[in-house]
Structures are given as C-alpha cells and as structure tokens.
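Q: Encoded as structure tokens, here's the structure I'll be asking about.
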Amino acid sequence: MTILAAVDGEQKPDRVVTIGEDLADAFDDQLVVVNVLDQKEFEERDDVHQTGYTVEDGQNDAESVARSVVKATTDRPGHVQTRGLVGEVVDELLGETERLDASYLVIGGRKRTAVGKALFGSTTQSVLLSADVPVVAVMDEK
C-alpha cells in the first residue's frame, strides 16, 4: 500500500511529510509526496513563457517542489517517492489517491473562521468531504 502526502511548497520543512513518513513506517507502506500545480497557475506560466509551457513542464516543476520539501524535511529522502501533477488541486489529489490505491492521504490545512471558509472555500475541507480513504489533516495556525 501507499501513503500519499500532499505538499504545497510553502513550508520547508513540512509536517505533512513527517506525518506521512510516520504512517508509512507504522504500516510498512511506501510514502509518495505530491505537489499539484494549480490549473490557473499553469495557465499563467504558459502565458508568460509564450513558447509553449507544457503539462510535462508543469509536472516537472511541481515534482521539483515536492522533492525540495522532502529534502528539507527528512533525513531519509531516498526512501520517499515524489510526483508532480497539474490541474484542479482537489481533483488531482483524489485521482492520485485512487491511482495509487493509497491507504491514507495526508494534507495540510490552515485554521480559518467559518466565515473565511464560506467566502473562500477550502481545499482541505473539500478533500475531507470527498476522499474515499482516511485523511489526516495536519493543521497550521497561520
């Protein structure tokens, strides 16, 4: 089985990787750390490059972010696989969870008020409500 940990690259090191690593060790599973390049950001990069920023370029950039977070977080980066995805974040995370037949999904989140969630939505909340596997939410105070 696989533990899938999703990082956004904003925090280096990231507790999401640490928790994912703990779960992978406890269940003797493989840890895969993924970063998703949001579709809007991908399109913005494509507009800036004007030479054809491809989905593969976006995937490589997203995987590079995942790799750098893993290297900053764990002293055993060689035992962690990394992946980069491009698209709508929630859809991509849930799709990757299914493709890998993951036993857990570890995600980060920020504590927000109910009004903040209602106005802006929440990727974490959407994943929690839609995932078919247990989700471990690692909350950040920021």
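If you're wondering about the labels, chains in the structure tokens are A, B, ... by order shown, residues count from 1 in each chain, ligands from 1 in order shown.
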Run DSSP on the backbone and give me the residues of chain A it puts in strand (DSSP E), as an MDAnalysis selection string.
A: chainID A and resid 2:6 30:38 80:87 102:110 135:140
Q: Determine, counting only C-alpha atoms, which protein, DNA and RNA residues have an atom within 7 Å of an atom of region 38-53 of chain A; residues of the same chain fewer than 3 positions away are not included. Present the result as a ChimeraX atom specification.
A: /A:57-58,86-89
Q: Which residues, written as an MDAnalysis selection string, have at least one atom at most 9 Å from Gln81 (chain A), with only C-alpha atoms counted and residues fewer than 3 positions away on the same chain left out?
A: chainID A and resid 30:34 67 77:78
Q: Pull N, CA and C atoms from the residues just selected and write them as a CSV table (one decimal), in the first residue's frame.
A:
chain,number,residue,atom,x,y,z
A,30,GLN,N,4.8,2.5,1.4
A,30,GLN,CA,5.6,3.4,0.6
A,30,GLN,C,5.0,4.8,0.8
A,31,LEU,N,5.9,5.8,1.0
A,31,LEU,CA,5.4,7.2,1.1
A,31,LEU,C,5.6,7.9,-0.3
A,32,VAL,N,4.6,8.5,-0.8
A,32,VAL,CA,4.7,9.3,-2.0
A,32,VAL,C,4.3,10.7,-1.7
A,33,VAL,N,5.1,11.6,-1.9
A,33,VAL,CA,4.8,13.0,-1.7
A,33,VAL,C,4.6,13.7,-3.0
A,34,VAL,N,3.4,14.4,-3.1
A,34,VAL,CA,3.0,15.0,-4.3
A,34,VAL,C,2.7,16.5,-4.1
A,67,ARG,N,10.2,17.5,-4.2
A,67,ARG,CA,11.5,17.0,-3.8
A,67,ARG,C,12.2,17.9,-2.9
A,77,PRO,N,15.6,11.1,2.5
A,77,PRO,CA,14.8,11.4,1.3
A,77,PRO,C,14.8,10.3,0.2
A,78,GLY,N,15.8,9.4,0.3
A,78,GLY,CA,15.8,8.4,-0.7
A,78,GLY,C,14.7,7.3,-0.7
Q: Of the residues A:Gly20, A:Gly109, A:Pro134, A:Gly9, which is the one nearest to Thr74 (chain A), using only C-alpha atoms?
A: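 For Thr74 (chain A), the nearest of the candidates is A:Gly20.
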Q: Enter the distance from CA of Ala26 (chain A) to CA of Ser122 (chain A), in Å, rounded to one decimal.
A: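 Going from CA of Ala26 (chain A) over to CA of Ser122 (chain A) covers 29.2 Å.
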Q: Report as a PyMOL selection string all protein, DNA and RNA residues lying within 10 Å of Leu128 (chain A), evaluated on only C-alpha atoms, omitting residues in the same chain fewer than 6 positions from it.
A: chain A and resi 90+105+107+122+134-137
Q: Write out as a ChimeraX atom specification each polymer residue whose atoms come within 9 Å of Asp14 (chain A), counting only C-alpha atoms; drop sequence neighbours fewer than 6 positions from it.
A: /A:7,69-70,72-73,108
Q: Using only C-alpha atoms, which protein or nucleic acid residues come within 12 Å of Phe27 (chain A)? Drop anything in the same chain fewer than 6 positions from it, and give the result as number ranges by chain.
A: A: 1-3, 20-21, 102-104
